[in-house]
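Remarks on the structure that follows.
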Amino acid sequence: MLSLKEKYQDYFKIGCCVSAKTVETHADLITTHFNSITCENEMKYISVCNERDNYRFKRADRIVSFAREHHIPLRGHTFVWHNQTPDFIFERGDKEEALETLREHIIMMHDRYGKDTYCWDVVNEAIEDKSDEYLRDTPWRRLVGDYYMDDAFRIAKEIMPEQQLFYNDYNEIEPFKMHKIIRAVTDMKERGIPIDGVGLQCHFKYNNPNYDKLKRAIELYAATGLRLQITEMDVSMFANHDESKPIKPDAGRLEQQAKTYDNCFKVFREYKDVIDCVTLWGIADDVNWLDNFPVENRKNWPLLFDEEHKPKEALLRILDF
Ligand code: GLA
């Protein structure tokens, strides 16, 4: 069997998110199948710096040394977000000071990992889900103002001109949100803000999206002229509001999940000219964030390898073309 990264070498990079632990427990799968990695949490602001001037790099360093050893480039994730961001940035209520703190943070990350990363999610999830609002209400926006994304991209570009800079979000193919994301990134691009790409998280469900829906969305994103990456793909075995807790995956749903992966990768392959990387949000079904979200302590099976690290039907389908 060809590995994922070999099978897709003429299309795009295949990535996965990792932790300081999974680079040990899942090392074989990572090095065999993936040629891009994202730190699931370890490079987020609060993970490296939770108090002013107090940086701790141990867990990110662990991942980066694995990446260096195996020559795997990293997607940087993430600078400006409403979650996992330390409060001290906003405490004094001083806009210029907050932006200066962000600048120092980006310098710090770039000095340490600039040779290892090839792109960064500069802003994560700034668009509101509710239909009657545009931007999400966040500490960054409240302090810096509605154009805080401009500042973040400008600062990042100045410090790391060689990195591709991304805006990253979820619910990105649902029309109620997609049009707002497209408006935001197009608007920035037209005003000369140095944004290079859009990260489509692609947290999907076993029976959604279908081929046509995803294709329409990718076409609209591609039309912005920005580069695209699929940044956090997984395919949950549960629909919204389903709170059941089965102890093993349902065979019919596994089949639908395989179809969904297959449909999505068909579309991704069609748009290989604009998609540079497809990242899965995890490696195998034994460890993944959906085991605790949105239902706590409920096993999910959203990835391409099973709990024993064996290929699932979904993997076989996306390798078969
Ligand atoms: C969002 C973030 C990720 C991660 C997931 C859950 O999608 O971008 O960093 O926190 O939620 O794992």
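Letters for chains follow the order of the structure tokens (A, B, ...), residue numbers begin at 1 for each chain, and ligand numbers begin at 1 in the order shown.
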
Discussion item. Around ligand 1, which protein and nucleic acid residues have at least one atom no more than 9 Å from it, if we count only C-alpha atoms and all ligand atoms? List them as a PyMOL selection string.
Written reply: chain A and resi 39-41+44+77-78+81+83-84+121+124-125+168-170+201-203+231-232+281-282+288-290+293

Tell me which protein, DNA and RNA residues are within 6 Å of Leu74 of chain A, counting only C-alpha atoms, leaving out same-chain ones fewer than 5 positions away, and put them as a compact mmCIF listing (two decimals) with N, CA, C and O atoms, in the first residue's frame.
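Now in part-v1.txt:
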```
# COMPACT_ATOMS: atom_id res chain seq x y z
N SER A 36 3.32 17.20 6.59
CA SER A 36 3.13 18.50 7.21
C SER A 36 2.56 18.20 8.59
O SER A 36 1.76 17.27 8.73
N ILE A 37 3.00 18.92 9.62
CA ILE A 37 2.34 18.74 10.92
C ILE A 37 1.97 20.08 11.55
O ILE A 37 2.61 21.11 11.30
N THR A 38 0.90 20.03 12.33
CA THR A 38 0.42 21.20 13.08
C THR A 38 0.41 20.80 14.55
O THR A 38 0.02 19.68 14.87
N ASP A 116 11.39 26.16 10.87
CA ASP A 116 10.64 24.90 10.89
C ASP A 116 9.23 25.06 10.32
O ASP A 116 8.66 24.11 9.82
N THR A 117 8.66 26.26 10.41
CA THR A 117 7.30 26.48 9.91
C THR A 117 7.34 27.04 8.50
O THR A 117 8.29 27.71 8.11
```

Discussion item. Which of segment 26-259 of chain A end up as strand (DSSP E or B) when DSSP is run on this backbone - answer as an MDAnalysis selection string?
Written reply: chainID A and resid 36:39 49:51 54:55 74:80 117:124 127 135 164:169 197:200 203:205 208 227:236

Quick one: residues within 12 Å of Lys272 of chain A, only C-alpha atoms, excluding same-chain residues fewer than 6 positions away - as a PDB file with all heavy atoms, in the first residue's frame?
```pdb
ATOM      1  N   TYR A   8      -0.356  11.220  -2.743  1.00  0.00           N
ATOM      2  CA  TYR A   8      -0.792  12.593  -3.038  1.00  0.00           C
ATOM      3  C   TYR A   8       0.366  13.529  -3.408  1.00  0.00           C
ATOM      4  O   TYR A   8       0.185  14.742  -3.430  1.00  0.00           O
ATOM      5  CB  TYR A   8      -1.595  13.152  -1.846  1.00  0.00           C
ATOM      6  CG  TYR A   8      -3.031  12.656  -1.880  1.00  0.00           C
ATOM      7  CD1 TYR A   8      -3.394  11.462  -1.274  1.00  0.00           C
ATOM      8  CD2 TYR A   8      -4.000  13.360  -2.584  1.00  0.00           C
ATOM      9  CE1 TYR A   8      -4.701  10.981  -1.347  1.00  0.00           C
ATOM     10  CE2 TYR A   8      -5.308  12.897  -2.663  1.00  0.00           C
ATOM     11  CZ  TYR A   8      -5.653  11.708  -2.044  1.00  0.00           C
ATOM     12  OH  TYR A   8      -6.949  11.247  -2.130  1.00  0.00           O
ATOM     13  N   GLN A   9       1.509  12.976  -3.704  1.00  0.00           N
ATOM     14  CA  GLN A   9       2.654  13.880  -3.909  1.00  0.00           C
ATOM     15  C   GLN A   9       2.489  14.856  -5.064  1.00  0.00           C
ATOM     16  O   GLN A   9       3.052  15.941  -5.037  1.00  0.00           O
ATOM     17  CB  GLN A   9       3.962  13.108  -4.026  1.00  0.00           C
ATOM     18  CG  GLN A   9       4.047  12.224  -5.223  1.00  0.00           C
ATOM     19  CD  GLN A   9       5.360  11.432  -5.277  1.00  0.00           C
ATOM     20  OE1 GLN A   9       6.265  11.708  -4.508  1.00  0.00           O
ATOM     21  NE2 GLN A   9       5.443  10.463  -6.170  1.00  0.00           N
ATOM     22  N   ASP A  10       1.686  14.513  -6.065  1.00  0.00           N
ATOM     23  CA  ASP A  10       1.463  15.464  -7.165  1.00  0.00           C
ATOM     24  C   ASP A  10       0.249  16.357  -6.926  1.00  0.00           C
ATOM     25  O   ASP A  10      -0.171  17.090  -7.827  1.00  0.00           O
ATOM     26  CB  ASP A  10       1.274  14.712  -8.484  1.00  0.00           C
ATOM     27  CG  ASP A  10       2.529  13.939  -8.863  1.00  0.00           C
ATOM     28  OD1 ASP A  10       3.634  14.386  -8.466  1.00  0.00           O
ATOM     29  OD2 ASP A  10       2.405  12.886  -9.520  1.00  0.00           O
ATOM     30  N   TYR A  11      -0.345  16.251  -5.756  1.00  0.00           N
ATOM     31  CA  TYR A  11      -1.558  17.026  -5.476  1.00  0.00           C
ATOM     32  C   TYR A  11      -1.302  18.099  -4.418  1.00  0.00           C
ATOM     33  O   TYR A  11      -1.285  19.288  -4.711  1.00  0.00           O
ATOM     34  CB  TYR A  11      -2.691  16.083  -5.027  1.00  0.00           C
ATOM     35  CG  TYR A  11      -3.167  15.217  -6.172  1.00  0.00           C
ATOM     36  CD1 TYR A  11      -2.491  14.046  -6.511  1.00  0.00           C
ATOM     37  CD2 TYR A  11      -4.271  15.588  -6.935  1.00  0.00           C
ATOM     38  CE1 TYR A  11      -2.910  13.264  -7.574  1.00  0.00           C
ATOM     39  CE2 TYR A  11      -4.702  14.811  -8.002  1.00  0.00           C
ATOM     40  CZ  TYR A  11      -4.014  13.647  -8.321  1.00  0.00           C
ATOM     41  OH  TYR A  11      -4.427  12.885  -9.375  1.00  0.00           O
ATOM     42  N   PHE A  12      -1.120  17.668  -3.182  1.00  0.00           N
ATOM     43  CA  PHE A  12      -0.886  18.623  -2.092  1.00  0.00           C
ATOM     44  C   PHE A  12      -0.233  17.865  -0.937  1.00  0.00           C
ATOM     45  O   PHE A  12      -0.196  16.626  -0.939  1.00  0.00           O
ATOM     46  CB  PHE A  12      -2.195  19.273  -1.611  1.00  0.00           C
ATOM     47  CG  PHE A  12      -3.420  18.390  -1.771  1.00  0.00           C
ATOM     48  CD1 PHE A  12      -3.594  17.262  -0.975  1.00  0.00           C
ATOM     49  CD2 PHE A  12      -4.376  18.668  -2.739  1.00  0.00           C
ATOM     50  CE1 PHE A  12      -4.710  16.454  -1.121  1.00  0.00           C
ATOM     51  CE2 PHE A  12      -5.499  17.840  -2.896  1.00  0.00           C
ATOM     52  CZ  PHE A  12      -5.661  16.733  -2.091  1.00  0.00           C
ATOM     53  N   LYS A  13       0.255  18.621   0.030  1.00  0.00           N
ATOM     54  CA  LYS A  13       0.808  17.970   1.225  1.00  0.00           C
ATOM     55  C   LYS A  13      -0.336  17.359   2.033  1.00  0.00           C
ATOM     56  O   LYS A  13      -1.464  17.855   2.001  1.00  0.00           O
ATOM     57  CB  LYS A  13       1.523  19.007   2.110  1.00  0.00           C
ATOM     58  CG  LYS A  13       2.862  19.438   1.576  1.00  0.00           C
ATOM     59  CD  LYS A  13       3.730  19.933   2.738  1.00  0.00           C
ATOM     60  CE  LYS A  13       3.616  21.417   2.919  1.00  0.00           C
ATOM     61  NZ  LYS A  13       4.324  22.165   1.865  1.00  0.00           N
ATOM     62  N   ILE A 218     -15.632  25.472  -2.354  1.00  0.00           N
ATOM     63  CA  ILE A 218     -14.221  25.602  -2.750  1.00  0.00           C
ATOM     64  C   ILE A 218     -14.090  26.540  -3.950  1.00  0.00           C
ATOM     65  O   ILE A 218     -13.155  27.332  -4.043  1.00  0.00           O
ATOM     66  CB  ILE A 218     -13.609  24.224  -3.084  1.00  0.00           C
ATOM     67  CG1 ILE A 218     -13.725  23.288  -1.889  1.00  0.00           C
ATOM     68  CG2 ILE A 218     -12.176  24.359  -3.584  1.00  0.00           C
ATOM     69  CD1 ILE A 218     -12.527  23.107  -1.036  1.00  0.00           C
ATOM     70  N   GLU A 219     -15.059  26.456  -4.863  1.00  0.00           N
ATOM     71  CA  GLU A 219     -14.999  27.357  -6.026  1.00  0.00           C
ATOM     72  C   GLU A 219     -15.058  28.813  -5.599  1.00  0.00           C
ATOM     73  O   GLU A 219     -14.317  29.656  -6.106  1.00  0.00           O
ATOM     74  CB  GLU A 219     -16.144  27.052  -7.000  1.00  0.00           C
ATOM     75  CG  GLU A 219     -15.740  25.953  -7.955  1.00  0.00           C
ATOM     76  CD  GLU A 219     -16.887  25.412  -8.773  1.00  0.00           C
ATOM     77  OE1 GLU A 219     -17.997  25.990  -8.741  1.00  0.00           O
ATOM     78  OE2 GLU A 219     -16.664  24.379  -9.435  1.00  0.00           O
ATOM     79  N   ALA A 222     -11.793  29.721  -3.944  1.00  0.00           N
ATOM     80  CA  ALA A 222     -10.714  29.798  -4.932  1.00  0.00           C
ATOM     81  C   ALA A 222     -10.796  31.106  -5.711  1.00  0.00           C
ATOM     82  O   ALA A 222      -9.778  31.710  -6.065  1.00  0.00           O
ATOM     83  CB  ALA A 222     -10.782  28.595  -5.873  1.00  0.00           C
ATOM     84  N   ARG A 227      -4.557  31.491  -1.634  1.00  0.00           N
ATOM     85  CA  ARG A 227      -4.244  30.061  -1.549  1.00  0.00           C
ATOM     86  C   ARG A 227      -5.186  29.412  -0.523  1.00  0.00           C
ATOM     87  O   ARG A 227      -5.624  30.064   0.426  1.00  0.00           O
ATOM     88  CB  ARG A 227      -2.788  29.832  -1.096  1.00  0.00           C
ATOM     89  CG  ARG A 227      -1.729  30.492  -1.944  1.00  0.00           C
ATOM     90  CD  ARG A 227      -1.782  30.092  -3.386  1.00  0.00           C
ATOM     91  NE  ARG A 227      -1.658  28.646  -3.584  1.00  0.00           N
ATOM     92  CZ  ARG A 227      -1.899  28.043  -4.755  1.00  0.00           C
ATOM     93  NH1 ARG A 227      -2.268  28.746  -5.815  1.00  0.00           N
ATOM     94  NH2 ARG A 227      -1.756  26.740  -4.850  1.00  0.00           N
ATOM     95  N   LEU A 228      -5.451  28.138  -0.704  1.00  0.00           N
ATOM     96  CA  LEU A 228      -6.325  27.435   0.242  1.00  0.00           C
ATOM     97  C   LEU A 228      -5.581  26.283   0.902  1.00  0.00           C
ATOM     98  O   LEU A 228      -4.740  25.632   0.274  1.00  0.00           O
ATOM     99  CB  LEU A 228      -7.556  26.863  -0.479  1.00  0.00           C
ATOM    100  CG  LEU A 228      -8.403  27.847  -1.287  1.00  0.00           C
ATOM    101  CD1 LEU A 228      -9.630  27.129  -1.860  1.00  0.00           C
ATOM    102  CD2 LEU A 228      -8.852  29.035  -0.443  1.00  0.00           C
ATOM    103  N   GLN A 229      -5.903  26.053   2.162  1.00  0.00           N
ATOM    104  CA  GLN A 229      -5.473  24.824   2.832  1.00  0.00           C
ATOM    105  C   GLN A 229      -6.662  24.274   3.603  1.00  0.00           C
ATOM    106  O   GLN A 229      -7.438  25.043   4.181  1.00  0.00           O
ATOM    107  CB  GLN A 229      -4.331  25.100   3.825  1.00  0.00           C
ATOM    108  CG  GLN A 229      -2.997  25.375   3.177  1.00  0.00           C
ATOM    109  CD  GLN A 229      -1.836  25.153   4.149  1.00  0.00           C
ATOM    110  OE1 GLN A 229      -1.944  24.398   5.108  1.00  0.00           O
ATOM    111  NE2 GLN A 229      -0.728  25.820   3.893  1.00  0.00           N
ATOM    112  N   ILE A 230      -6.776  22.963   3.599  1.00  0.00           N
ATOM    113  CA  ILE A 230      -7.722  22.295   4.489  1.00  0.00           C
ATOM    114  C   ILE A 230      -6.918  22.089   5.766  1.00  0.00           C
ATOM    115  O   ILE A 230      -5.856  21.452   5.735  1.00  0.00           O
ATOM    116  CB  ILE A 230      -8.168  20.938   3.896  1.00  0.00           C
ATOM    117  CG1 ILE A 230      -8.687  21.113   2.456  1.00  0.00           C
ATOM    118  CG2 ILE A 230      -9.181  20.263   4.819  1.00  0.00           C
ATOM    119  CD1 ILE A 230      -9.769  22.141   2.261  1.00  0.00           C
ATOM    120  N   PHE A 265     -12.165  14.244  -0.742  1.00  0.00           N
ATOM    121  CA  PHE A 265     -10.853  14.169  -1.376  1.00  0.00           C
ATOM    122  C   PHE A 265     -10.945  14.252  -2.901  1.00  0.00           C
ATOM    123  O   PHE A 265     -10.025  14.763  -3.545  1.00  0.00           O
ATOM    124  CB  PHE A 265     -10.072  12.938  -0.902  1.00  0.00           C
ATOM    125  CG  PHE A 265      -9.284  13.218   0.354  1.00  0.00           C
ATOM    126  CD1 PHE A 265      -9.923  13.297   1.584  1.00  0.00           C
ATOM    127  CD2 PHE A 265      -7.917  13.477   0.310  1.00  0.00           C
ATOM    128  CE1 PHE A 265      -9.212  13.610   2.743  1.00  0.00           C
ATOM    129  CE2 PHE A 265      -7.190  13.786   1.454  1.00  0.00           C
ATOM    130  CZ  PHE A 265      -7.840  13.847   2.674  1.00  0.00           C
ATOM    131  N   LYS A 266     -12.085  13.792  -3.457  1.00  0.00           N
ATOM    132  CA  LYS A 266     -12.272  13.972  -4.910  1.00  0.00           C
ATOM    133  C   LYS A 266     -12.294  15.453  -5.243  1.00  0.00           C
ATOM    134  O   LYS A 266     -11.660  15.908  -6.192  1.00  0.00           O
ATOM    135  CB  LYS A 266     -13.604  13.354  -5.351  1.00  0.00           C
ATOM    136  CG  LYS A 266     -13.480  11.928  -5.810  1.00  0.00           C
ATOM    137  CD  LYS A 266     -14.801  11.451  -6.432  1.00  0.00           C
ATOM    138  CE  LYS A 266     -14.756   9.944  -6.502  1.00  0.00           C
ATOM    139  NZ  LYS A 266     -15.964   9.296  -5.994  1.00  0.00           N
ATOM    140  N   VAL A 278      -3.686  19.372   2.835  1.00  0.00           N
ATOM    141  CA  VAL A 278      -4.904  18.893   3.501  1.00  0.00           C
ATOM    142  C   VAL A 278      -4.475  18.267   4.830  1.00  0.00           C
ATOM    143  O   VAL A 278      -3.773  17.255   4.845  1.00  0.00           O
ATOM    144  CB  VAL A 278      -5.653  17.857   2.634  1.00  0.00           C
ATOM    145  CG1 VAL A 278      -6.850  17.286   3.404  1.00  0.00           C
ATOM    146  CG2 VAL A 278      -6.115  18.480   1.311  1.00  0.00           C
TER     147      VAL A 278
END
```

Worksheet entry | 12 Å contact set for Thr32 of chain A, only C-alpha atoms, chain neighbours under 3 positions out, as JSON, numbers by chain | {"A": [1, 2, 3, 4, 5, 6, 7, 14, 15, 16, 26, 27, 28, 29, 35, 36, 70, 72, 283]}

Please produce an output containing N, CA and C atoms for each residue in the selection, written as a PDB file, in the first residue's frame.
```pdb
ATOM      1  N   MET A   1       0.842  -1.207   0.000  1.00  0.00           N
ATOM      2  CA  MET A   1       0.000   0.000   0.000  1.00  0.00           C
ATOM      3  C   MET A   1       0.876   1.255   0.000  1.00  0.00           C
ATOM      4  N   LEU A   2       0.559   2.164  -0.933  1.00  0.00           N
ATOM      5  CA  LEU A   2       1.288   3.432  -0.951  1.00  0.00           C
ATOM      6  C   LEU A   2       0.882   4.262   0.270  1.00  0.00           C
ATOM      7  N   SER A   3       1.796   5.064   0.756  1.00  0.00           N
ATOM      8  CA  SER A   3       1.417   5.913   1.886  1.00  0.00           C
ATOM      9  C   SER A   3       0.633   7.113   1.348  1.00  0.00           C
ATOM     10  N   LEU A   4      -0.104   7.754   2.249  1.00  0.00           N
ATOM     11  CA  LEU A   4      -0.888   8.936   1.863  1.00  0.00           C
ATOM     12  C   LEU A   4      -0.023   9.994   1.181  1.00  0.00           C
ATOM     13  N   LYS A   5       1.109  10.304   1.820  1.00  0.00           N
ATOM     14  CA  LYS A   5       1.917  11.405   1.254  1.00  0.00           C
ATOM     15  C   LYS A   5       2.494  11.039  -0.113  1.00  0.00           C
ATOM     16  N   GLU A   6       2.776   9.765  -0.315  1.00  0.00           N
ATOM     17  CA  GLU A   6       3.286   9.358  -1.641  1.00  0.00           C
ATOM     18  C   GLU A   6       2.182   9.411  -2.686  1.00  0.00           C
ATOM     19  N   LYS A   7       1.025   8.878  -2.305  1.00  0.00           N
ATOM     20  CA  LYS A   7      -0.100   8.849  -3.245  1.00  0.00           C
ATOM     21  C   LYS A   7      -0.484  10.274  -3.672  1.00  0.00           C
ATOM     22  N   ILE A  14      -0.024  16.304   2.766  1.00  0.00           N
ATOM     23  CA  ILE A  14      -1.010  15.692   3.656  1.00  0.00           C
ATOM     24  C   ILE A  14      -0.506  15.887   5.092  1.00  0.00           C
ATOM     25  N   GLY A  15      -1.311  16.567   5.892  1.00  0.00           N
ATOM     26  CA  GLY A  15      -0.867  16.892   7.244  1.00  0.00           C
ATOM     27  C   GLY A  15      -1.702  16.224   8.323  1.00  0.00           C
ATOM     28  N   CYS A  16      -1.191  16.301   9.560  1.00  0.00           N
ATOM     29  CA  CYS A  16      -1.991  15.860  10.707  1.00  0.00           C
ATOM     30  C   CYS A  16      -1.636  16.770  11.874  1.00  0.00           C
ATOM     31  N   HIS A  26       2.440   7.814  18.182  1.00  0.00           N
ATOM     32  CA  HIS A  26       1.982   7.632  16.797  1.00  0.00           C
ATOM     33  C   HIS A  26       3.091   7.923  15.786  1.00  0.00           C
ATOM     34  N   ALA A  27       4.326   7.811  16.249  1.00  0.00           N
ATOM     35  CA  ALA A  27       5.457   8.230  15.403  1.00  0.00           C
ATOM     36  C   ALA A  27       5.478   7.499  14.060  1.00  0.00           C
ATOM     37  N   ASP A  28       5.200   6.190  14.045  1.00  0.00           N
ATOM     38  CA  ASP A  28       5.279   5.444  12.786  1.00  0.00           C
ATOM     39  C   ASP A  28       4.270   5.946  11.761  1.00  0.00           C
ATOM     40  N   LEU A  29       3.035   6.133  12.220  1.00  0.00           N
ATOM     41  CA  LEU A  29       2.014   6.623  11.273  1.00  0.00           C
ATOM     42  C   LEU A  29       2.391   8.012  10.766  1.00  0.00           C
ATOM     43  N   ASN A  35       3.348  14.668   5.507  1.00  0.00           N
ATOM     44  CA  ASN A  35       4.484  15.551   5.240  1.00  0.00           C
ATOM     45  C   ASN A  35       4.214  17.013   5.624  1.00  0.00           C
ATOM     46  N   SER A  36       3.323  17.196   6.589  1.00  0.00           N
ATOM     47  CA  SER A  36       3.125  18.503   7.211  1.00  0.00           C
ATOM     48  C   SER A  36       2.564  18.198   8.595  1.00  0.00           C
ATOM     49  N   HIS A  70      12.749  14.246  11.415  1.00  0.00           N
ATOM     50  CA  HIS A  70      12.127  13.554  10.274  1.00  0.00           C
ATOM     51  C   HIS A  70      11.893  14.456   9.068  1.00  0.00           C
ATOM     52  N   ILE A  72      10.015  17.116   8.590  1.00  0.00           N
ATOM     53  CA  ILE A  72       8.612  17.422   8.291  1.00  0.00           C
ATOM     54  C   ILE A  72       8.349  18.899   8.622  1.00  0.00           C
ATOM     55  N   ILE A 283      -4.622  11.757  14.177  1.00  0.00           N
ATOM     56  CA  ILE A 283      -3.938  10.718  13.402  1.00  0.00           C
ATOM     57  C   ILE A 283      -4.789   9.452  13.360  1.00  0.00           C
TER      58      ILE A 283
END
```

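Shell of segment 234-251 of chain A at 7 Å, with only C-alpha atoms counted and residues fewer than 3 places along the chain excluded, is A:Cys202, A:His203, A:Phe204, A:Lys205, A:Tyr206, A:Leu254, A:Glu255, A:Gln257, A:Leu280, A:Trp281, A:Val295, A:Arg298, A:Asn300, A:Trp301, A:Pro302, A:Leu303.
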